[in-house]
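Printed here is coords_20.txt (compact mmCIF, C-alpha atoms and all ligand atoms):
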```txt
# COMPACT_ATOMS: atom_id res chain seq x y z
CA MET A 1 3.31 25.55 27.65
CA PRO A 2 5.96 22.95 28.57
CA ARG A 3 9.54 24.02 28.02
CA PRO A 4 12.27 21.85 26.54
CA ASP A 5 13.90 21.53 29.97
CA ASP A 6 10.68 19.99 31.38
CA ILE A 7 11.49 16.98 29.24
CA ALA A 8 14.08 15.57 31.61
CA LYS A 9 11.75 15.85 34.60
CA VAL A 10 8.57 13.95 33.76
CA SER A 11 8.34 10.20 33.60
CA GLU A 12 5.23 9.31 31.57
CA GLY A 13 4.89 8.76 27.83
CA GLY A 14 7.51 7.09 25.65
CA ALA A 15 7.35 3.72 23.96
CA GLY A 16 4.06 1.93 24.64
CA PRO A 17 3.61 -1.79 25.14
CA ALA A 18 3.74 -2.81 21.48
CA GLY A 19 6.63 -0.51 20.55
CA HIS A 20 4.18 2.33 19.96
CA LEU A 21 5.37 5.79 20.76
CA SER A 22 2.79 7.43 22.98
CA ASP A 23 2.38 10.65 24.93
CA SER A 24 1.10 11.39 28.41
CA PHE A 25 -2.48 11.66 27.07
CA GLY A 26 -2.64 8.14 25.64
CA ARG A 27 -2.21 9.19 22.02
CA HIS A 28 -0.11 6.83 19.88
CA PHE A 29 2.14 8.13 17.15
CA HIS A 30 2.87 6.31 13.94
CA TYR A 31 3.36 9.28 11.65
CA LEU A 32 6.32 11.63 11.19
CA ARG A 33 6.40 14.70 8.98
CA LEU A 34 9.94 15.60 8.09
CA SER A 35 10.86 18.95 6.60
CA VAL A 36 13.77 18.44 4.20
CA THR A 37 14.41 22.12 3.49
CA ASP A 38 13.23 25.51 4.69
CA ARG A 39 13.62 26.95 1.17
CA CYS A 40 10.61 27.47 -1.06
CA ASN A 41 10.23 28.50 -4.68
CA PHE A 42 6.69 29.92 -4.28
CA ARG A 43 5.53 33.02 -2.45
CA CYS A 44 2.16 32.01 -1.02
CA ALA A 45 0.28 35.00 0.33
CA TYR A 46 -0.46 33.41 3.72
CA CYS A 47 2.91 31.71 4.19
CA LEU A 48 5.96 33.36 2.59
CA PRO A 49 4.59 36.38 0.68
CA ALA A 50 8.08 37.83 0.21
CA GLY A 51 9.53 34.42 -0.72
CA CYS A 52 12.59 33.06 1.00
CA GLY A 53 16.11 34.37 0.66
CA LYS A 54 18.67 32.68 -1.58
CA GLU A 55 20.36 30.89 1.31
CA PRO A 56 18.63 28.37 3.55
CA LEU A 57 17.92 29.65 7.08
CA SER A 58 19.54 26.52 8.44
CA ARG A 59 21.66 23.72 6.95
CA PRO A 60 19.22 20.92 6.13
CA LEU A 61 19.80 17.36 7.30
CA SER A 62 21.86 15.28 4.87
CA VAL A 63 20.58 12.07 3.28
CA GLU A 64 22.66 10.09 5.78
CA GLU A 65 21.27 12.00 8.77
CA ILE A 66 17.73 11.53 7.45
CA GLU A 67 18.30 7.78 7.08
CA LEU A 68 19.49 7.52 10.70
CA LEU A 69 16.56 9.62 11.89
CA ALA A 70 14.00 7.56 9.99
CA GLY A 71 15.53 4.33 11.27
CA ALA A 72 15.26 5.52 14.87
CA PHE A 73 11.62 6.59 14.53
CA ALA A 74 10.74 3.39 12.65
CA SER A 75 12.26 1.35 15.48
CA LEU A 76 9.79 3.14 17.77
CA GLY A 77 6.86 1.92 15.69
CA LEU A 78 6.42 4.85 13.31
CA TRP A 79 5.52 3.48 9.89
CA LYS A 80 4.31 6.48 7.97
CA PHE A 81 6.66 9.27 6.92
CA ARG A 82 5.95 12.40 4.91
CA LEU A 83 8.50 14.75 3.42
CA THR A 84 7.63 18.40 3.39
CA GLY A 85 9.31 21.78 3.65
CA GLY A 86 9.86 24.49 2.35
CA GLU A 87 9.58 22.94 -1.06
CA PRO A 88 11.07 19.41 -1.00
CA THR A 89 11.55 19.24 -4.78
CA THR A 90 14.17 22.01 -4.52
CA ARG A 91 16.48 19.29 -3.13
CA PRO A 92 18.32 17.48 -5.92
CA ASP A 93 18.65 14.39 -3.69
CA LEU A 94 14.92 14.10 -2.95
CA THR A 95 14.50 10.76 -4.76
CA GLU A 96 17.39 9.28 -2.80
CA ILE A 97 15.83 10.50 0.46
CA VAL A 98 12.57 8.75 -0.47
CA ARG A 99 14.48 5.57 -1.33
CA ARG A 100 16.39 5.50 1.97
CA ILE A 101 13.29 6.10 4.11
CA ALA A 102 11.23 3.55 2.16
CA GLY A 103 14.03 1.03 2.78
CA ALA A 104 14.08 1.44 6.58
CA PRO A 105 12.73 -1.68 8.34
CA GLY A 106 9.11 -1.15 9.45
CA VAL A 107 8.33 1.75 7.10
CA ARG A 108 5.08 1.12 5.21
CA ARG A 109 4.31 4.48 3.65
CA VAL A 110 6.37 7.38 2.39
CA GLY A 111 4.56 10.53 1.34
CA LEU A 112 5.54 13.87 -0.11
CA THR A 113 3.90 17.28 0.12
CA THR A 114 4.83 19.57 -2.74
CA ASN A 115 3.63 22.63 -4.61
CA GLY A 116 3.84 20.47 -7.75
CA TYR A 117 5.91 22.89 -9.81
CA ARG A 118 8.70 20.35 -10.45
CA LEU A 119 6.57 17.25 -10.07
CA ALA A 120 5.77 16.08 -13.61
CA PRO A 121 9.32 15.01 -14.58
CA LEU A 122 9.96 13.50 -11.13
CA ALA A 123 6.77 11.49 -10.67
CA SER A 124 7.92 8.14 -12.06
CA GLU A 125 11.32 8.15 -10.32
CA LEU A 126 9.66 9.03 -7.02
CA ARG A 127 7.23 6.13 -7.46
CA ASP A 128 10.12 3.77 -8.27
CA ALA A 129 11.96 4.97 -5.15
CA GLY A 130 8.99 3.89 -3.02
CA LEU A 131 6.74 6.97 -2.77
CA THR A 132 3.26 5.81 -1.78
CA SER A 133 1.40 9.05 -1.34
CA LEU A 134 1.56 12.50 -2.74
CA ASN A 135 -0.12 15.70 -1.56
CA VAL A 136 -0.03 18.56 -4.01
CA SER A 137 -0.86 22.00 -2.65
CA LEU A 138 -3.06 23.85 -5.09
CA ASP A 139 -5.27 26.60 -3.78
CA SER A 140 -6.93 27.74 -6.97
CA LEU A 141 -7.80 26.41 -10.43
CA ASP A 142 -8.27 29.93 -11.71
CA PRO A 143 -5.01 31.07 -13.37
CA GLU A 144 -5.28 34.67 -12.14
CA ARG A 145 -6.21 33.79 -8.60
CA PHE A 146 -3.47 31.12 -8.56
CA GLU A 147 -0.94 33.78 -9.51
CA ARG A 148 -2.22 36.22 -6.89
CA LEU A 149 -1.95 33.54 -4.21
CA THR A 150 1.41 31.99 -5.13
CA GLY A 151 3.26 34.83 -6.83
CA PHE A 152 3.74 32.72 -9.99
CA SER A 153 1.76 31.87 -13.10
CA HIS A 154 2.46 28.13 -13.09
CA LEU A 155 -1.01 26.66 -12.64
CA ASP A 156 -0.69 24.50 -15.77
CA ARG A 157 2.59 22.97 -14.54
CA VAL A 158 1.08 22.09 -11.18
CA VAL A 159 -2.00 20.50 -12.75
CA ALA A 160 0.31 18.57 -15.12
CA GLY A 161 2.22 17.35 -12.06
CA VAL A 162 -0.96 15.98 -10.46
CA GLU A 163 -1.97 14.29 -13.71
CA ALA A 164 1.54 12.79 -14.08
CA ALA A 165 1.37 11.39 -10.54
CA LEU A 166 -1.98 9.74 -11.32
CA ALA A 167 -0.68 8.46 -14.66
CA VAL A 168 2.41 6.76 -13.19
CA GLY A 169 0.26 5.15 -10.51
CA ILE A 170 1.41 6.73 -7.24
CA PRO A 171 -1.04 4.91 -4.97
CA SER A 172 -2.58 7.92 -3.19
CA VAL A 173 -2.80 11.37 -4.74
CA LYS A 174 -4.37 14.28 -2.88
CA VAL A 175 -4.80 17.91 -3.77
CA ASN A 176 -4.67 20.19 -0.72
CA VAL A 177 -6.58 23.44 -1.06
CA VAL A 178 -6.28 26.10 1.62
CA ALA A 179 -9.86 27.37 1.61
CA LEU A 180 -9.88 31.15 1.53
CA ARG A 181 -12.52 33.83 1.20
CA GLY A 182 -12.54 34.53 -2.51
CA MET A 183 -12.96 30.89 -3.55
CA ASP A 184 -16.39 31.03 -5.18
CA ASP A 185 -18.84 28.19 -5.83
CA ARG A 186 -17.69 27.88 -9.43
CA GLU A 187 -14.16 27.12 -8.27
CA LEU A 188 -15.36 24.74 -5.55
CA ASP A 189 -17.33 22.88 -8.23
CA GLN A 190 -14.26 22.75 -10.50
CA PHE A 191 -12.30 21.05 -7.72
CA LEU A 192 -15.16 18.64 -7.02
CA SER A 193 -15.60 17.74 -10.68
CA TRP A 194 -11.90 16.76 -10.75
CA THR A 195 -12.78 14.14 -8.10
CA LYS A 196 -15.61 12.91 -10.32
CA ARG A 197 -13.34 11.89 -13.16
CA SER A 198 -10.07 11.13 -11.31
CA PRO A 199 -9.31 8.91 -8.32
CA LEU A 200 -7.89 11.71 -6.23
CA THR A 201 -8.91 13.35 -2.97
CA VAL A 202 -9.32 17.10 -2.86
CA ARG A 203 -8.95 18.29 0.73
CA PHE A 204 -10.02 21.72 1.88
CA ILE A 205 -7.86 23.01 4.69
CA GLU A 206 -8.80 25.84 6.98
CA LEU A 207 -6.26 28.66 7.04
CA MET A 208 -4.20 28.71 10.24
CA ARG A 209 -3.07 31.89 11.88
CA THR A 210 0.70 32.21 12.12
CA GLY A 211 3.05 34.93 13.34
CA ASP A 212 3.47 36.38 9.84
CA ASN A 213 -0.07 36.21 8.46
CA GLN A 214 -2.26 37.86 11.09
CA ALA A 215 -3.71 40.55 8.77
CA PHE A 216 -4.21 38.10 5.88
CA PHE A 217 -5.90 35.67 8.24
CA LEU A 218 -8.45 38.22 9.45
CA GLN A 219 -9.38 39.05 5.86
CA HIS A 220 -9.36 35.58 4.31
CA HIS A 221 -10.16 32.96 6.94
CA LEU A 222 -13.07 30.81 5.78
CA PRO A 223 -14.53 28.51 8.45
CA ALA A 224 -14.44 24.82 7.44
CA GLU A 225 -18.10 24.63 8.47
CA GLU A 226 -19.03 26.67 5.37
CA ILE A 227 -17.29 24.16 3.09
CA ARG A 228 -18.86 21.25 4.96
CA ARG A 229 -22.33 22.67 4.31
CA LYS A 230 -21.54 23.17 0.63
CA LEU A 231 -20.28 19.58 0.31
CA GLU A 232 -23.46 18.26 1.91
CA ASP A 233 -25.61 20.50 -0.33
CA ARG A 234 -23.89 18.81 -3.27
CA GLY A 235 -24.75 15.30 -2.09
CA PHE A 236 -21.40 14.40 -0.49
CA THR A 237 -21.68 12.23 2.62
CA ARG A 238 -19.16 11.39 5.29
CA LEU A 239 -17.08 8.26 4.64
CA ALA A 240 -15.79 5.83 7.26
CA ARG A 241 -12.50 6.83 8.83
CA ASP A 242 -9.28 5.29 7.59
CA GLU A 243 -6.63 4.51 10.21
CA SER A 244 -4.31 7.10 8.67
CA ASP A 245 -6.85 9.93 8.35
CA GLY A 246 -5.60 11.84 11.39
CA PRO A 247 -7.62 15.00 11.78
CA ALA A 248 -9.06 14.88 8.21
CA ILE A 249 -12.73 14.08 7.59
CA THR A 250 -13.46 12.51 4.21
CA TYR A 251 -16.62 12.86 2.09
CA GLY A 252 -17.68 11.00 -1.03
CA ARG A 253 -20.41 10.55 -3.61
CA ASP A 254 -21.22 7.27 -5.36
CA ASP A 255 -20.72 8.73 -8.83
CA HIS A 256 -17.26 10.18 -8.03
CA LEU A 257 -14.05 8.19 -8.51
CA GLY A 258 -12.32 10.32 -5.91
CA SER A 259 -13.36 12.01 -2.68
CA ALA A 260 -13.32 15.32 -0.85
CA GLY A 261 -11.84 16.04 2.57
CA LEU A 262 -11.95 18.69 5.24
CA ILE A 263 -9.21 19.64 7.68
CA ALA A 264 -10.37 22.10 10.28
CA PRO A 265 -7.57 23.00 12.69
CA SER A 266 -9.75 25.41 14.66
CA SER A 267 -12.54 22.92 15.30
CA ALA A 268 -13.13 21.33 18.69
CA GLY A 269 -11.42 17.98 19.05
CA PHE A 270 -8.86 18.63 16.33
CA CYS A 271 -5.84 18.18 18.59
CA GLU A 272 -7.31 15.10 20.29
CA SER A 273 -6.93 13.16 17.03
CA CYS A 274 -3.34 14.33 16.53
CA ASN A 275 -1.33 11.35 15.29
CA ARG A 276 1.78 13.11 14.06
CA LEU A 277 5.16 14.39 15.05
CA ARG A 278 7.31 16.78 13.08
CA VAL A 279 11.02 17.20 12.57
CA SER A 280 12.37 20.46 11.16
CA SER A 281 14.85 20.58 8.29
CA ALA A 282 17.62 21.20 10.82
CA GLY A 283 16.69 18.10 12.81
CA ALA A 284 14.59 19.47 15.69
CA LEU A 285 11.63 17.40 16.88
CA LYS A 286 8.50 19.58 16.92
CA LEU A 287 5.91 18.18 19.28
CA CYS A 288 3.19 20.53 18.03
CA LEU A 289 2.98 22.92 15.09
CA PHE A 290 2.80 25.69 17.64
CA GLY A 291 4.94 24.18 20.36
CA VAL A 292 8.13 22.89 21.83
CA GLU A 293 11.26 21.93 19.86
CA VAL A 294 13.81 19.31 20.90
CA PRO A 295 17.09 19.29 18.91
CA LEU A 296 18.03 15.79 17.68
CA ARG A 297 20.77 16.54 15.18
CA HIS A 298 23.66 16.05 17.62
CA LEU A 299 22.60 12.38 17.77
CA LEU A 300 22.60 11.88 13.99
CA ALA A 301 26.34 11.68 13.40
CA SER A 302 26.58 7.89 13.54
CA SER A 303 24.45 4.76 13.94
CA ALA A 304 26.24 4.14 17.26
CA GLN A 305 24.09 6.94 18.72
CA ARG A 306 20.81 5.14 17.92
CA GLY A 307 20.13 4.08 21.53
CA GLU A 308 20.63 7.58 22.88
CA LEU A 309 18.53 9.07 20.08
CA VAL A 310 15.65 6.67 20.72
CA ARG A 311 15.73 7.42 24.45
CA LEU A 312 15.68 11.18 23.83
CA ILE A 313 12.67 10.84 21.51
CA GLU A 314 10.83 8.72 24.09
CA ARG A 315 11.57 11.18 26.91
CA SER A 316 10.52 14.13 24.73
CA MET A 317 7.01 12.76 24.23
CA LYS A 318 5.88 13.88 27.66
CA ALA A 319 6.31 17.52 26.61
CA LYS A 320 3.71 17.07 23.86
CA PRO A 321 0.82 19.32 24.90
CA ALA A 322 -2.75 17.98 25.15
CA SER A 323 -4.10 20.57 22.73
CA GLY A 324 -4.80 24.09 21.93
CA LEU A 325 -1.47 25.91 21.82
CA ALA A 326 -2.84 27.88 18.87
CA GLU A 327 -6.00 28.74 20.79
CA ARG A 328 -3.85 30.03 23.62
CA GLY A 329 -2.06 32.50 21.37
CA HIS A 330 1.11 30.53 20.67
CA GLU A 331 0.63 30.66 16.91
CA SER A 332 2.67 33.84 16.69
CA GLN A 333 5.78 31.88 17.77
CA THR A 334 5.50 30.00 14.49
CA ARG A 335 6.18 32.68 11.91
CA ASN A 336 5.12 30.56 8.93
CA LEU A 337 4.70 26.89 8.10
CA ALA A 338 7.46 26.90 5.47
CA SER A 339 10.12 27.06 8.18
CA ILE A 340 8.89 23.94 9.98
CA GLY A 341 7.04 21.93 7.37
CA GLY A 342 3.27 22.44 7.13
N1 LIG B 1 6.06 23.53 -0.41
C1 LIG B 1 5.24 22.40 -0.10
C2 LIG B 1 3.81 22.66 -0.52
O1 LIG B 1 3.54 23.69 -1.09
O2 LIG B 1 2.99 21.78 -0.30
C3 LIG B 1 5.31 21.94 1.35
C4 LIG B 1 5.34 22.98 2.41
S1 LIG B 1 3.85 23.92 2.59
C5 LIG B 1 4.26 24.87 4.02
C6 LIG B 1 2.75 22.67 3.18
C7 LIG B 1 1.30 23.04 3.22
O3 LIG B 1 1.07 23.98 4.24
C8 LIG B 1 0.75 23.65 1.95
O4 LIG B 1 -0.39 22.91 1.57
C9 LIG B 1 0.35 25.03 2.35
O5 LIG B 1 -0.77 25.48 1.64
C10 LIG B 1 0.04 24.81 3.81
N2 LIG B 1 0.06 26.02 4.61
C11 LIG B 1 1.05 26.93 4.72
N3 LIG B 1 0.69 27.90 5.57
C12 LIG B 1 -0.54 27.59 6.00
C13 LIG B 1 -1.46 28.21 6.90
N4 LIG B 1 -1.16 29.34 7.51
N5 LIG B 1 -2.64 27.61 7.12
C14 LIG B 1 -2.96 26.46 6.50
N6 LIG B 1 -2.14 25.82 5.65
C15 LIG B 1 -0.96 26.39 5.40
```
Could I get this structure in the form of C-alpha cells?
Ligand code: SAM
Amino acid sequence: MPRPDDIAKVSEGGAGPAGHLSDSFGRHFHYLRLSVTDRCNFRCAYCLPAGCGKEPLSRPLSVEEIELLAGAFASLGLWKFRLTGGEPTTRPDLTEIVRRIAGAPGVRRVGLTTNGYRLAPLASELRDAGLTSLNVSLDSLDPERFERLTGFSHLDRVVAGVEAALAVGIPSVKVNVVALRGMDDRELDQFLSWTKRSPLTVRFIELMRTGDNQAFFLQHHLPAEEIRRKLEDRGFTRLARDESDGPAITYGRDDHLGSAGLIAPSSAGFCESCNRLRVSSAGALKLCLFGVEVPLRHLLASSAQRGELVRLIERSMKAKPASGLAERGHESQTRNLASIGG
C-alpha cells in the first residue's frame, strides 16, 4: 500500500488535459464525498453498535473551510459533491453548507446521505439551498428488525423523511439498504413495491468488512449475487449506465416508476469503476475507503492558500491505489464507515 510520504516522489496523475483530476491508472474523478461530522445519532449493528461518544472524535471542518475545500476541488473539475458522516443532519449549519457548496463555480450536483431521522422538517430548506440528490439509509421496513439494526424505533420518521423529500421535489431520491442475511423475500418485495408507486431508487448494498464488524460480517454478509438473481426472477432488467452511476448497477421494470440498484464492493471490477474521492470531517483526503489519508486542513485557513491546496491534491492522486485494498486485508485499518463517511 502506498504511504503518504510516497506522494512527494511520484510524478504521474494530477489534473488531466481538460481540468479533470486523474490518477496514475487513467481514472478521472468528478465526485467528492465529504464527511461533515464523525458523530452519529444511530447505533447501526455493523457500523457503530455502541453509538458514538458525546464529543466528536475530531473537530469538524467549519462552513468556511468546507467552502474553500469545495472551491478547490471544483476548480479541478469535480462537479458532484455528497455530504455524509457520521450523521450530517446533526450539524445545525447543514443547510448553509449545502448552499455554499452549491454556489461554488462548476458545481452541478450536491447530494446528502442521511439516516433520515431529522429529514422531514429539513427537506424543503435543503432543496431551496440547492440539494439535488438525497440518499436515505434504511435497512429494513420491518419495525422490529429496524430497531434491532439501528438501536432505535424510528422507522416511521425515516419513511416520513423519504416521503417528504419526494413531496418537495428533491430531484433524485434513493433509499440505500445494506443487504443482510435476515432480509426475507417479503421485505425485499416491500422495498420493490415502493419503487412501483414512487419515483425513487432502492439500492441494495453489500455489507463491507471493517475493523469493528468482523464477527457481524461473518454472520450477516449476503452476496450481492443473491439479490441480483432475485431481482431478475422478479422481471427487473439492467438499465443503461448513467455517467454518475459509479460502481452501482441499476435495474428497472416498465411498470415501476422507480428503479432498483446493486452495489457490490466485493465483486470483480468494483474498484476499476471508482469515480470518487473522500474527505474526512477533519479535512483529510481519503484516496480509498481502506487506504491512504492526506491532511488538507492546514491549507484551508484562507483563500490565499488555494494554489498550494490544488497542487497538493493533484500530487496526492498518484497514491490512489489501483484496487483491492480491502481484498488485501486493509479493511481492519478502517474501524467503521461513520468515522470517514460511508
Ligand atoms: N449517517 C448517514 C447515513 O446513515 O446514511 C451517513 C453515514 S453512513 C456511514 C453511510 C452509509 O454507509 C449508510 O448507508 C450505511 O448503511 C453504510 N455503511 C456503514 N457501514 C457499512 C458497511 N460496513 N458496509 C456497507 N455499508 C455500510
Shell of 7 Å around ligand LIG 1 (chain B) (all atoms listed in the file), written as a ChimeraX atom specification: /A:40,46-47,84-88,113-115,135-137,176-178,205-210,336-338,341-342
Test item: which residues lie within 12 Å of (9.1, 15.6, -14.8) counting only C-alpha atoms, as a ChimeraX atom specification: /A:89,116-126,157-158,160-165,168
Selection above as a file: C-alpha atoms, as a PDB file, in the frame of the given file:
```pdb
ATOM      1  CA  THR A  89      11.550  19.240  -4.780  1.00  0.00           C
ATOM      2  CA  GLY A 116       3.840  20.470  -7.750  1.00  0.00           C
ATOM      3  CA  TYR A 117       5.910  22.890  -9.810  1.00  0.00           C
ATOM      4  CA  ARG A 118       8.700  20.350 -10.450  1.00  0.00           C
ATOM      5  CA  LEU A 119       6.570  17.250 -10.070  1.00  0.00           C
ATOM      6  CA  ALA A 120       5.770  16.080 -13.610  1.00  0.00           C
ATOM      7  CA  PRO A 121       9.320  15.010 -14.580  1.00  0.00           C
ATOM      8  CA  LEU A 122       9.960  13.500 -11.130  1.00  0.00           C
ATOM      9  CA  ALA A 123       6.770  11.490 -10.670  1.00  0.00           C
ATOM     10  CA  SER A 124       7.920   8.140 -12.060  1.00  0.00           C
ATOM     11  CA  GLU A 125      11.320   8.150 -10.320  1.00  0.00           C
ATOM     12  CA  LEU A 126       9.660   9.030  -7.020  1.00  0.00           C
ATOM     13  CA  ARG A 157       2.590  22.970 -14.540  1.00  0.00           C
ATOM     14  CA  VAL A 158       1.080  22.090 -11.180  1.00  0.00           C
ATOM     15  CA  ALA A 160       0.310  18.570 -15.120  1.00  0.00           C
ATOM     16  CA  GLY A 161       2.220  17.350 -12.060  1.00  0.00           C
ATOM     17  CA  VAL A 162      -0.960  15.980 -10.460  1.00  0.00           C
ATOM     18  CA  GLU A 163      -1.970  14.290 -13.710  1.00  0.00           C
ATOM     19  CA  ALA A 164       1.540  12.790 -14.080  1.00  0.00           C
ATOM     20  CA  ALA A 165       1.370  11.390 -10.540  1.00  0.00           C
ATOM     21  CA  VAL A 168       2.410   6.760 -13.190  1.00  0.00           C
TER      22      VAL A 168
END
```
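In this comparison, which uses all atoms listed in the file, the residue of A:Asn275, A:Ser316, A:Ser266, A:Thr250 approaching Pro223 in chain A most closely is A:Ser266.
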Could you produce a table of the residues of range 43-66 of chain A lying within 10 Å of range 289-310 of chain A, with the nearest pair of atoms per residue and their separation in Å rounded to one decimal, using all atoms listed in the file, ordered by chain and increasing residue number, as CSV?
```
residue,atom,partner,partner_atom,distance
A:Leu61,CA,A:Arg297,CA,8.0
A:Ser62,CA,A:Leu300,CA,9.8
A:Glu64,CA,A:Leu300,CA,8.4
A:Glu65,CA,A:Leu300,CA,5.4
A:Ile66,CA,A:Leu300,CA,8.2
```
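Of the listed residues (A:Leu32, A:Leu155, A:Leu285, A:Ile263), A:Leu32 comes nearest to Val107 in chain A; the distances count all atoms listed in the file.
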Distance query 7 Å from (5.4, 8.9, 14.8) using all atoms listed in the file, result as number ranges by chain: A: 21, 29-32, 73, 78, 276-277
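Counting from CA of Arg127 in chain A, the distance to CA of Lys80 in chain A is 15.7 Å.
With CA of Glu67 in chain A on one side and CA of Leu312 in chain A on the other, the separation reads 17.3 Å.
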Close residues, range 229-239 of chain A itself excluded, 6 Å, all atoms listed in the file, min 3 positions apart in chain, as a PyMOL selection string: chain A and resi 226+250-253
So which residues touch Arg39 in chain A within 12 Å, counting only C-alpha atoms, skipping near sequence neighbours fewer than 3 positions away, as a short mmCIF file (atom, residue, chain, number, x, y, z; two decimals) with C-alpha atoms, in the coordinates of the input?
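Final output, saved to selection36.cif:
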```
data_model
loop_
_atom_site.label_atom_id
_atom_site.label_comp_id
_atom_site.auth_asym_id
_atom_site.auth_seq_id
_atom_site.Cartn_x
_atom_site.Cartn_y
_atom_site.Cartn_z
CA SER A 35 10.86 18.95 6.60
CA VAL A 36 13.77 18.44 4.20
CA PHE A 42 6.69 29.92 -4.28
CA ARG A 43 5.53 33.02 -2.45
CA LEU A 48 5.96 33.36 2.59
CA GLY A 51 9.53 34.42 -0.72
CA CYS A 52 12.59 33.06 1.00
CA GLY A 53 16.11 34.37 0.66
CA LYS A 54 18.67 32.68 -1.58
CA GLU A 55 20.36 30.89 1.31
CA PRO A 56 18.63 28.37 3.55
CA LEU A 57 17.92 29.65 7.08
CA SER A 58 19.54 26.52 8.44
CA ARG A 59 21.66 23.72 6.95
CA PRO A 60 19.22 20.92 6.13
CA THR A 84 7.63 18.40 3.39
CA GLY A 85 9.31 21.78 3.65
CA GLY A 86 9.86 24.49 2.35
CA GLU A 87 9.58 22.94 -1.06
CA PRO A 88 11.07 19.41 -1.00
CA THR A 89 11.55 19.24 -4.78
CA THR A 90 14.17 22.01 -4.52
CA ARG A 91 16.48 19.29 -3.13
CA SER A 280 12.37 20.46 11.16
CA SER A 281 14.85 20.58 8.29
CA ALA A 282 17.62 21.20 10.82
CA LEU A 337 4.70 26.89 8.10
CA ALA A 338 7.46 26.90 5.47
CA SER A 339 10.12 27.06 8.18
CA ILE A 340 8.89 23.94 9.98
CA GLY A 341 7.04 21.93 7.37
#
```
Computed interatomic separation between CA of Ala215 in chain A and CA of Arg228 in chain A (Å): 24.8 Å
As a PDB file, keeping the file's coordinate frame, the rebuilt range 170-186 of chain A with N, CA and C atoms:
```pdb
ATOM      1  N   ILE A 170       1.115   6.536  -8.679  1.00  0.00           N
ATOM      2  CA  ILE A 170       1.410   6.730  -7.240  1.00  0.00           C
ATOM      3  C   ILE A 170       0.112   6.400  -6.495  1.00  0.00           C
ATOM      4  N   PRO A 171       0.190   5.489  -5.510  1.00  0.00           N
ATOM      5  CA  PRO A 171      -1.040   4.910  -4.970  1.00  0.00           C
ATOM      6  C   PRO A 171      -2.054   5.921  -4.404  1.00  0.00           C
ATOM      7  N   SER A 172      -1.605   6.958  -3.726  1.00  0.00           N
ATOM      8  CA  SER A 172      -2.580   7.920  -3.190  1.00  0.00           C
ATOM      9  C   SER A 172      -2.177   9.316  -3.628  1.00  0.00           C
ATOM     10  N   VAL A 173      -3.089   9.990  -4.294  1.00  0.00           N
ATOM     11  CA  VAL A 173      -2.800  11.370  -4.740  1.00  0.00           C
ATOM     12  C   VAL A 173      -3.880  12.286  -4.175  1.00  0.00           C
ATOM     13  N   LYS A 174      -3.425  13.319  -3.463  1.00  0.00           N
ATOM     14  CA  LYS A 174      -4.370  14.280  -2.880  1.00  0.00           C
ATOM     15  C   LYS A 174      -4.000  15.679  -3.333  1.00  0.00           C
ATOM     16  N   VAL A 175      -5.023  16.500  -3.498  1.00  0.00           N
ATOM     17  CA  VAL A 175      -4.800  17.910  -3.770  1.00  0.00           C
ATOM     18  C   VAL A 175      -5.245  18.666  -2.527  1.00  0.00           C
ATOM     19  N   ASN A 176      -4.341  19.435  -1.936  1.00  0.00           N
ATOM     20  CA  ASN A 176      -4.670  20.190  -0.720  1.00  0.00           C
ATOM     21  C   ASN A 176      -4.955  21.638  -1.082  1.00  0.00           C
ATOM     22  N   VAL A 177      -6.159  22.080  -0.734  1.00  0.00           N
ATOM     23  CA  VAL A 177      -6.580  23.440  -1.060  1.00  0.00           C
ATOM     24  C   VAL A 177      -6.762  24.212   0.241  1.00  0.00           C
ATOM     25  N   VAL A 178      -5.986  25.256   0.460  1.00  0.00           N
ATOM     26  CA  VAL A 178      -6.280  26.100   1.620  1.00  0.00           C
ATOM     27  C   VAL A 178      -7.508  26.928   1.228  1.00  0.00           C
ATOM     28  N   ALA A 179      -8.596  26.719   1.962  1.00  0.00           N
ATOM     29  CA  ALA A 179      -9.860  27.370   1.610  1.00  0.00           C
ATOM     30  C   ALA A 179      -9.823  28.812   2.108  1.00  0.00           C
ATOM     31  N   LEU A 180     -10.000  29.730   1.192  1.00  0.00           N
ATOM     32  CA  LEU A 180      -9.880  31.150   1.530  1.00  0.00           C
ATOM     33  C   LEU A 180     -11.111  31.896   1.042  1.00  0.00           C
ATOM     34  N   ARG A 181     -11.472  32.953   1.738  1.00  0.00           N
ATOM     35  CA  ARG A 181     -12.520  33.830   1.200  1.00  0.00           C
ATOM     36  C   ARG A 181     -12.067  34.277  -0.181  1.00  0.00           C
ATOM     37  N   GLY A 182     -12.947  34.196  -1.143  1.00  0.00           N
ATOM     38  CA  GLY A 182     -12.540  34.530  -2.510  1.00  0.00           C
ATOM     39  C   GLY A 182     -12.654  33.286  -3.391  1.00  0.00           C
ATOM     40  N   MET A 183     -12.717  32.094  -2.747  1.00  0.00           N
ATOM     41  CA  MET A 183     -12.960  30.890  -3.550  1.00  0.00           C
ATOM     42  C   MET A 183     -14.484  30.809  -3.745  1.00  0.00           C
ATOM     43  N   ASP A 184     -14.947  31.023  -4.972  1.00  0.00           N
ATOM     44  CA  ASP A 184     -16.390  31.030  -5.180  1.00  0.00           C
ATOM     45  C   ASP A 184     -16.902  29.621  -5.491  1.00  0.00           C
ATOM     46  N   ASP A 185     -18.234  29.513  -5.622  1.00  0.00           N
ATOM     47  CA  ASP A 185     -18.840  28.190  -5.830  1.00  0.00           C
ATOM     48  C   ASP A 185     -18.384  27.558  -7.134  1.00  0.00           C
ATOM     49  N   ARG A 186     -18.125  28.411  -8.137  1.00  0.00           N
ATOM     50  CA  ARG A 186     -17.690  27.880  -9.430  1.00  0.00           C
ATOM     51  C   ARG A 186     -16.365  27.137  -9.260  1.00  0.00           C
TER      52      ARG A 186
END
```
